[in-house]
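Q: So that you have it, the file is data.txt, and it contains compact mmCIF, C-alpha atoms:
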# COMPACT_ATOMS: atom_id res chain seq x y z
CA MET M 29 19.46 -6.05 25.07
CA SER M 30 20.68 -2.42 25.23
CA GLU M 31 18.34 0.43 26.14
CA GLU M 32 18.68 1.83 22.62
CA THR M 33 17.64 -1.51 21.08
CA MET M 34 14.77 -1.83 23.53
CA SER M 35 13.52 1.61 22.58
CA GLN M 36 13.68 0.72 18.87
CA VAL M 37 11.74 -2.48 19.51
CA ASN M 38 9.16 -0.57 21.54
CA SER M 39 8.60 1.95 18.78
CA LEU M 40 7.74 -0.59 16.07
CA PRO M 41 4.33 -0.08 14.46
CA ARG M 42 1.48 -1.95 16.10
CA ILE M 43 -2.05 -2.66 14.99
CA GLY M 44 -4.02 0.53 15.59
CA SER M 45 -0.96 2.81 15.57
CA LYS M 46 -0.16 5.41 12.94
CA ALA M 47 2.08 3.92 10.26
CA PRO M 48 5.41 5.80 10.34
CA ASN M 49 5.85 8.04 7.33
CA PHE M 50 8.97 7.74 5.18
CA GLU M 51 10.40 8.95 1.92
CA ALA M 52 12.06 6.28 -0.18
CA THR M 53 13.59 5.67 -3.58
CA THR M 54 11.43 3.26 -5.57
CA THR M 55 11.11 1.87 -9.07
CA HIS M 56 8.45 4.59 -9.57
CA GLY M 57 10.59 7.48 -8.30
CA THR M 58 10.66 8.98 -4.82
CA LEU M 59 7.58 8.07 -2.80
CA GLN M 60 6.35 9.00 0.65
CA LEU M 61 3.94 6.79 2.55
CA SER M 62 1.71 9.85 2.90
CA ASP M 63 1.28 9.82 -0.91
CA TYR M 64 -1.11 6.91 -0.29
CA GLU M 65 -3.44 8.73 2.10
CA GLY M 66 -7.04 8.10 1.12
CA SER M 67 -6.31 4.62 -0.18
CA TRP M 68 -5.31 1.41 1.58
CA VAL M 69 -1.78 0.18 1.03
CA ILE M 70 -0.10 -3.16 1.53
CA LEU M 71 3.53 -2.46 2.43
CA PHE M 72 5.39 -5.74 2.10
CA SER M 73 9.03 -6.79 2.22
CA HIS M 74 10.83 -9.64 0.52
CA PRO M 75 14.31 -11.04 1.22
CA ALA M 76 16.03 -10.41 -2.11
CA ASP M 77 15.57 -9.86 -5.83
CA PHE M 78 16.34 -12.74 -8.22
CA THR M 79 15.37 -15.44 -5.72
CA PRO M 80 12.74 -18.11 -6.51
CA VAL M 81 10.25 -17.74 -3.64
CA CYS M 82 10.25 -13.94 -3.98
CA THR M 83 9.77 -14.21 -7.73
CA SER M 84 6.76 -16.51 -7.24
CA GLU M 85 5.34 -14.07 -4.69
CA PHE M 86 5.78 -11.03 -6.93
CA ILE M 87 3.97 -12.82 -9.75
CA SER M 88 1.16 -13.66 -7.31
CA PHE M 89 1.04 -10.13 -5.90
CA GLN M 90 0.78 -8.78 -9.45
CA ASN M 91 -2.02 -11.27 -10.18
CA ILE M 92 -4.13 -9.87 -7.32
CA TYR M 93 -3.17 -6.22 -7.97
CA PRO M 94 -6.16 -5.44 -10.27
CA LYS M 95 -8.53 -6.89 -7.66
CA LEU M 96 -6.81 -4.90 -4.91
CA ARG M 97 -7.09 -1.69 -6.90
CA GLU M 98 -10.84 -2.29 -7.23
CA MET M 99 -10.77 -2.35 -3.42
CA ASN M 100 -8.95 1.02 -3.27
CA THR M 101 -5.78 -0.78 -2.20
CA GLU M 102 -2.24 -0.29 -3.51
CA LEU M 103 0.83 -2.50 -3.27
CA LEU M 104 4.27 -1.25 -2.22
CA GLY M 105 7.14 -3.76 -2.14
CA LEU M 106 10.49 -3.41 -0.36
CA SER M 107 13.84 -5.14 -0.06
CA VAL M 108 17.41 -4.25 0.81
CA ASP M 109 18.40 -4.11 -2.86
CA SER M 110 19.24 -1.22 -5.18
CA VAL M 111 16.75 0.34 -7.56
CA SER M 112 18.91 -0.98 -10.45
CA SER M 113 18.55 -4.51 -9.08
CA HIS M 114 14.78 -4.07 -8.75
CA ILE M 115 14.51 -2.76 -12.32
CA ALA M 116 16.64 -5.64 -13.67
CA TRP M 117 14.57 -8.21 -11.73
CA VAL M 118 11.23 -6.75 -12.80
CA ARG M 119 12.41 -6.76 -16.43
CA ASN M 120 13.58 -10.36 -16.01
CA VAL M 121 10.21 -11.42 -14.56
CA LYS M 122 8.51 -9.85 -17.57
CA GLU M 123 10.87 -11.57 -20.00
CA LYS M 124 10.92 -15.02 -18.38
CA PHE M 125 7.43 -15.26 -16.90
CA GLY M 126 5.44 -12.83 -19.06
CA VAL M 127 4.25 -10.87 -16.02
CA GLU M 128 4.68 -7.11 -15.78
CA ILE M 129 5.09 -5.91 -12.19
CA GLU M 130 3.12 -2.67 -12.09
CA PHE M 131 3.50 -1.62 -8.46
CA PRO M 132 6.51 0.24 -7.01
CA ILE M 133 9.32 -1.45 -5.08
CA ILE M 134 11.34 0.43 -2.46
CA ALA M 135 15.13 0.21 -2.74
CA ASP M 136 15.89 0.23 0.98
CA LEU M 137 19.66 -0.10 0.79
CA ASN M 138 20.27 1.70 4.09
CA LYS M 139 17.46 -0.38 5.75
CA GLU M 140 15.81 2.83 6.96
CA VAL M 141 12.24 1.71 6.24
CA ALA M 142 12.94 -1.94 7.11
CA GLU M 143 14.21 -0.98 10.56
CA LYS M 144 11.36 1.47 11.13
CA TYR M 145 8.88 -1.34 10.45
CA GLY M 146 10.78 -4.21 12.10
CA MET M 147 11.08 -6.13 8.84
CA ILE M 148 14.49 -7.64 9.65
CA MET M 149 14.59 -10.71 11.88
CA PRO M 150 18.29 -10.84 12.90
CA GLU M 151 18.05 -14.42 14.17
CA GLU M 152 16.99 -15.51 10.68
CA SER M 153 19.03 -13.05 8.59
CA SER M 154 20.64 -9.74 9.49
CA THR M 155 21.05 -8.66 5.89
CA GLU M 156 17.68 -9.53 4.35
CA THR M 157 14.14 -8.48 5.16
CA SER M 158 11.70 -11.20 6.15
CA ARG M 159 8.33 -11.60 4.43
CA ALA M 160 6.47 -8.90 6.35
CA VAL M 161 3.05 -7.55 5.37
CA PHE M 162 1.67 -4.31 6.80
CA ILE M 163 -1.92 -3.53 5.86
CA ILE M 164 -2.45 0.21 6.27
CA ASP M 165 -5.77 2.00 5.79
CA GLY M 166 -6.53 5.35 4.14
CA GLN M 167 -5.94 7.26 7.38
CA ARG M 168 -2.48 5.66 7.63
CA THR M 169 -3.48 3.43 10.54
CA VAL M 170 -1.85 0.00 10.72
CA ARG M 171 -4.76 -2.46 10.51
CA ALA M 172 -3.01 -5.83 10.24
CA ILE M 173 0.52 -7.21 10.38
CA ILE M 174 1.54 -10.62 9.02
CA TYR M 175 5.03 -12.14 9.09
CA TYR M 176 6.32 -15.16 7.19
CA PRO M 177 9.82 -16.65 7.36
CA LEU M 178 12.26 -16.62 4.47
CA SER M 179 11.38 -20.17 3.44
CA THR M 180 7.59 -19.78 3.12
CA GLY M 181 5.85 -17.87 0.34
CA ARG M 182 2.78 -15.83 1.25
CA ASN M 183 -0.85 -16.72 0.57
CA MET M 184 -2.56 -14.13 -1.63
CA ASP M 185 -6.06 -15.44 -0.87
CA GLU M 186 -5.44 -14.72 2.80
CA ILE M 187 -4.18 -11.21 2.09
CA LEU M 188 -7.26 -10.50 -0.05
CA ARG M 189 -9.46 -12.05 2.64
CA VAL M 190 -8.00 -9.85 5.39
CA ILE M 191 -8.47 -6.67 3.34
CA THR M 192 -12.05 -7.69 2.48
CA ALA M 193 -12.80 -8.43 6.14
CA LEU M 194 -11.28 -5.17 7.41
CA GLN M 195 -13.19 -3.10 4.87
CA ALA M 196 -16.43 -4.96 5.75
CA THR M 197 -15.75 -4.23 9.44
CA ASP M 198 -15.38 -0.52 8.69
CA GLU M 199 -18.48 -0.39 6.50
CA HIS M 200 -20.85 -2.45 8.66
CA ASN M 201 -19.40 -2.23 12.20
CA ILE M 202 -19.14 -6.02 12.44
CA ALA M 203 -16.47 -8.64 13.11
CA THR M 204 -15.72 -11.70 11.00
CA PRO M 205 -15.45 -15.30 12.22
CA ALA M 206 -12.74 -17.85 11.50
CA ASP M 207 -12.29 -18.66 7.82
CA TRP M 208 -14.80 -15.93 6.88
CA LYS M 209 -15.04 -15.02 3.24
CA LYS M 210 -17.21 -12.54 1.38
CA GLY M 211 -20.83 -13.67 1.37
CA ASP M 212 -20.59 -15.55 4.68
CA LYS M 213 -22.48 -14.39 7.76
CA VAL M 214 -20.68 -11.89 9.99
CA ILE M 215 -20.48 -11.53 13.76
CA VAL M 216 -22.50 -8.81 15.45
CA PRO M 217 -20.38 -7.13 18.17
CA PRO M 218 -21.28 -8.73 21.52
CA ALA M 219 -23.73 -6.91 23.79
CA ASN M 220 -21.90 -5.19 26.61
CA THR M 221 -24.79 -4.66 29.03
CA ALA M 222 -27.40 -7.11 30.38
CA GLU M 223 -30.14 -4.98 28.81
CA MET M 224 -28.47 -5.12 25.39
CA ALA M 225 -27.97 -8.89 25.76
CA GLU M 226 -31.67 -9.38 26.41
CA GLU M 227 -32.60 -7.18 23.45
CA ARG M 228 -30.12 -8.98 21.24
CA VAL M 229 -31.59 -12.47 21.81
CA ASN M 230 -35.05 -11.09 20.98
CA ASP M 231 -33.84 -9.26 17.86
CA ASP M 232 -35.29 -11.01 14.78
CA SER M 233 -32.79 -9.38 12.45
CA VAL M 234 -29.87 -11.42 13.87
CA GLU M 235 -29.35 -15.15 14.41
CA CYS M 236 -28.10 -15.87 17.93
CA ILE M 237 -26.64 -19.16 19.18
CA ASP M 238 -26.51 -17.39 22.52
CA TRP M 239 -26.48 -13.73 23.57
CA TYR M 240 -22.71 -13.36 22.97
CA TYR M 241 -22.63 -15.16 19.62
CA CYS M 242 -24.94 -13.53 17.07
CA GLN M 243 -24.54 -13.49 13.32
CA LYS M 244 -26.18 -11.71 10.43
CA GLU M 245 -25.97 -11.35 6.66
CA ILE M 246 -24.52 -8.19 5.13
CA MET A 14 14.37 13.09 -10.99
CA ALA A 15 11.71 10.73 -12.26
CA CYS A 16 9.99 13.34 -14.44
CA VAL A 17 12.84 14.04 -16.89
CA ASP A 18 15.17 11.70 -18.73
CA ASP A 19 18.93 11.97 -19.23
CA LYS A 20 18.36 14.28 -22.23
CA GLY A 21 16.32 16.68 -20.12
CA GLN A 22 13.08 15.64 -21.83
CA LEU A 23 9.87 14.87 -20.00
CA THR A 24 9.03 11.24 -19.30
CA ALA A 25 5.75 10.01 -20.77
CA SER A 26 3.95 10.13 -17.41
CA ALA A 27 5.29 13.62 -16.58
CA ARG A 28 4.17 14.87 -19.99
CA LYS A 29 0.71 13.39 -19.43
CA LEU A 30 0.47 15.12 -16.04
CA LEU A 31 1.61 18.49 -17.37
CA GLU A 32 -0.85 18.26 -20.28
CA THR A 33 -3.61 17.64 -17.75
CA ILE A 34 -2.92 20.96 -16.02
CA GLU A 35 -1.91 22.87 -19.14
CA ASN A 36 -5.05 25.01 -19.09
CA ASN A 37 -6.41 24.62 -15.54
CA ALA A 38 -4.98 24.32 -12.06
CA LEU A 39 -6.11 20.98 -10.63
CA THR A 40 -5.77 19.15 -7.32
CA PRO A 41 -3.93 15.80 -7.26
CA GLU A 42 -7.31 14.03 -6.91
CA GLU A 43 -8.63 15.81 -10.03
CA ILE A 44 -5.41 15.12 -11.95
CA ALA A 45 -5.51 11.42 -11.02
CA LYS A 46 -9.06 11.16 -12.29
CA GLU A 47 -8.37 13.12 -15.48
CA ALA A 48 -5.11 11.33 -16.32
CA ALA A 49 -6.31 7.91 -15.10
CA LEU A 50 -3.20 7.54 -12.95
CA PRO A 51 -2.94 6.27 -9.35
CA LEU A 52 -3.20 9.09 -6.81
CA PHE A 53 0.10 8.15 -5.11
CA LYS A 54 1.86 8.47 -8.44
CA VAL A 55 0.32 11.89 -9.10
CA ARG A 56 1.25 13.17 -5.63
CA SER A 57 4.87 12.04 -5.91
CA SER A 58 5.29 13.27 -9.49
CA MET A 59 3.77 16.68 -8.76
CA ARG A 60 6.07 17.06 -5.74
CA ASP A 61 8.97 16.18 -8.03
CA MET A 62 7.89 18.67 -10.69
CA LYS A 63 7.32 21.38 -8.07
CA SER A 64 10.89 20.91 -6.81
CA MET A 65 12.11 21.35 -10.40
CA GLY A 66 10.04 24.50 -10.90
CA PHE A 67 7.77 22.99 -13.56
CA VAL A 68 4.64 23.60 -11.50
CA THR A 69 3.49 25.74 -8.60
CA GLU A 70 1.14 24.69 -5.84
CA GLU A 71 -1.76 26.93 -4.92
CA GLU A 72 -3.14 27.39 -1.40
CA ASN A 73 -5.95 24.91 -2.02
CA GLY A 74 -3.44 22.23 -3.05
CA ALA A 75 -4.12 22.64 -6.79
CA TYR A 76 -1.14 22.53 -9.16
CA GLN A 77 -0.62 25.01 -11.95
CA MET A 78 1.88 24.67 -14.77
CA ASN A 79 4.70 27.20 -14.77
CA PRO A 80 4.62 29.04 -18.16
CA GLU A 81 8.29 28.12 -18.66
CA ALA A 82 7.37 24.45 -18.49
CA SER A 83 5.14 24.75 -21.54
CA LYS A 84 8.35 24.84 -23.61
CA LEU A 85 9.10 21.32 -22.38
CA LEU A 86 5.75 20.13 -23.68
CA LYS A 87 6.65 21.38 -27.16
CA LYS A 88 9.95 19.41 -27.23
Show the structure stored in the file as structure tokens.

A:
Amino acid sequence: MSEETMSQVNSLPRIGSKAPNFEATTTHGTLQLSDYEGSWVILFSHPADFTPVCTSEFISFQNIYPKLREMNTELLGLSVDSVSSHIAWVRNVKEKFGVEIEFPIIADLNKEVAEKYGMIMPEESSTETSRAVFIIDGQRTVRAIIYYPLSTGRNMDEILRVITALQATDEHNIATPADWKKGDKVIVPPANTAEMAEERVNDDSVECIDWYYCQKEI
Amino acid sequence: MACVDDKGQLTASARKLLETIENNALTPEEIAKEAALPLFKVRSSMRDMKSMGFVTEEENGAYQMNPEASKLLKK
């Protein structure tokens, strides 16, 4: 791998890093990522317009969009297609499936945003973006990254679950266990001193299996 | 530009935004609330309209309609 390629790989966004800003042509005009500051945004890529798995995903993304907006979260799609292709596809989805896609889609013909975010997996396809999902918070920090291959459509319940969990973490300073969903008990951050561990096991407001594994309701 | 069509007339969303600031300078947050539009859409559209000279941006980030732009609202 050349030094230049290595440096590009090293500069890809990571969880906790600032999401790189960009200006891009979309189905809603020219948008910058910074236009979303103050709200969460799910930046996601799809391989190509007018393909079946992507069409099913867009319908599903649109189905969760009202719920996401209640959670101060916006959707921003992307593929290496032209804005005319996106418009034609969105109109086709409305005509054939009765679903109006309300969120913007980036026309990333020069792959500028896709390369900045590492959305292309050359071993799978060098011309299409994979199914990448970047969850970015209101301060433009990358909070979660999920990748799916071309053949596998994404799970909207999981995307909603991750957003819900991250927002609960921010609000209550907690973590969430495996398969957590809203209403379940949450994990209290482990004690990091012996004194705190002792206090924790005697704390009636939390349920502890042991000092390092305590849960509570929120 | 997303705020005018091929005939040089305002798009529906651009018209709505300009009407919102017709009498008062407002910040993008205030415009979004008033016009019931997503904040990202307001920010990008106002930037677009500023580049076309339809609006000016004040020091506090509020947008004011350029008097010349009021002619577009009457079209």

Q: Which neighbours of stretch 62-65 of chain M fall inside 6 Å, counting only C-alpha atoms, when residues of the same chain fewer than 4 positions from it are skipped, and could you give them as a list in words?

A: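 After dropping sequence-adjacent residues, the list is Gly166 of chain M; Phe53 and Arg56 of chain A.
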
Q: Identify all chain A residues at most 9 Å from chain M by counting all atoms listed in the file; ligands do not count. Present them as JSON, numbers by chain.

A: {"A": [14, 15, 16, 51, 52, 53, 54, 55, 56, 57, 58, 61]}

Q: With 3 Å added on each side, what axis-aligned box encloses every listed atom of stretch 42-54 of chain A? Give the centre and edge lengths in Å to one decimal, as AutoDock Vina command-line options.

A:
--center_x -3.6 --center_y 11.0 --center_z -10.7 --size_x 16.9 --size_y 15.5 --size_z 17.2

Q: Please indicate the distance in Å from atom CA of M:Ala52 to atom CA of M:Gln195, rounded to one decimal place.

A: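 Taking atom CA of M:Ala52 and atom CA of M:Gln195, their separation equals 27.4 Å.
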
Q: From the set M:Phe72, M:Asn91, M:Phe50, M:Glu143, which residue has the shortest atom-to-atom contact distance to M:Met184, counting all atoms listed in the file?

A: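 Answer, going by the shortest atom-to-atom distance: M:Asn91.
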
Q: I'd like the contact shell of A:Pro80 - 10 Å cut-off, only C-alpha atoms, skipping same-chain residues fewer than 5 positions apart - returned as an MDAnalysis selection string.

A: chainID A and resid 35 67:68 85

Q: Which residue is closest to M:Gly105? Choose from M:Phe125, M:Phe89, M:Tyr241, M:Trp208 and count only C-alpha atoms.

A: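 Among M:Phe125, M:Phe89, M:Tyr241, M:Trp208, it is M:Phe89 that comes nearest to M:Gly105.
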
Q: (3.9, -1.5, 7.1) in this file's frame - what residues fall within 8 Å of it? Use only C-alpha atoms and give the answer as a list in words.

A: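 Looking at atoms near the point gives Pro41, Ala47, Ile70, Leu71, Phe72, Tyr145, Ala160, Val161, Phe162, Ile163, Ile164, Val170 and Ile173 of chain M.
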
Q: Okay, now the selection with C-alpha atoms, as a PDB file, in the frame of the given file?

A:
ATOM      1  CA  PRO M  41       4.330  -0.080  14.460  1.00  0.00           C
ATOM      2  CA  ALA M  47       2.080   3.920  10.260  1.00  0.00           C
ATOM      3  CA  ILE M  70      -0.100  -3.160   1.530  1.00  0.00           C
ATOM      4  CA  LEU M  71       3.530  -2.460   2.430  1.00  0.00           C
ATOM      5  CA  PHE M  72       5.390  -5.740   2.100  1.00  0.00           C
ATOM      6  CA  TYR M 145       8.880  -1.340  10.450  1.00  0.00           C
ATOM      7  CA  ALA M 160       6.470  -8.900   6.350  1.00  0.00           C
ATOM      8  CA  VAL M 161       3.050  -7.550   5.370  1.00  0.00           C
ATOM      9  CA  PHE M 162       1.670  -4.310   6.800  1.00  0.00           C
ATOM     10  CA  ILE M 163      -1.920  -3.530   5.860  1.00  0.00           C
ATOM     11  CA  ILE M 164      -2.450   0.210   6.270  1.00  0.00           C
ATOM     12  CA  VAL M 170      -1.850   0.000  10.720  1.00  0.00           C
ATOM     13  CA  ILE M 173       0.520  -7.210  10.380  1.00  0.00           C
TER      14      ILE M 173
END

Q: Near A:Ala48, counting all atoms listed in the file, which residues have an atom at most 12 Å away, once you skip same-chain residues fewer than 2 positions from it, shown as a ChimeraX atom specification?

A: /A:25-34,39-46,50-52,54-55

Q: Just give me the gap between atom CA of M:Thr192 and atom CA of M:Leu104 in Å, one decimal is fine.

A: 18.2 Å
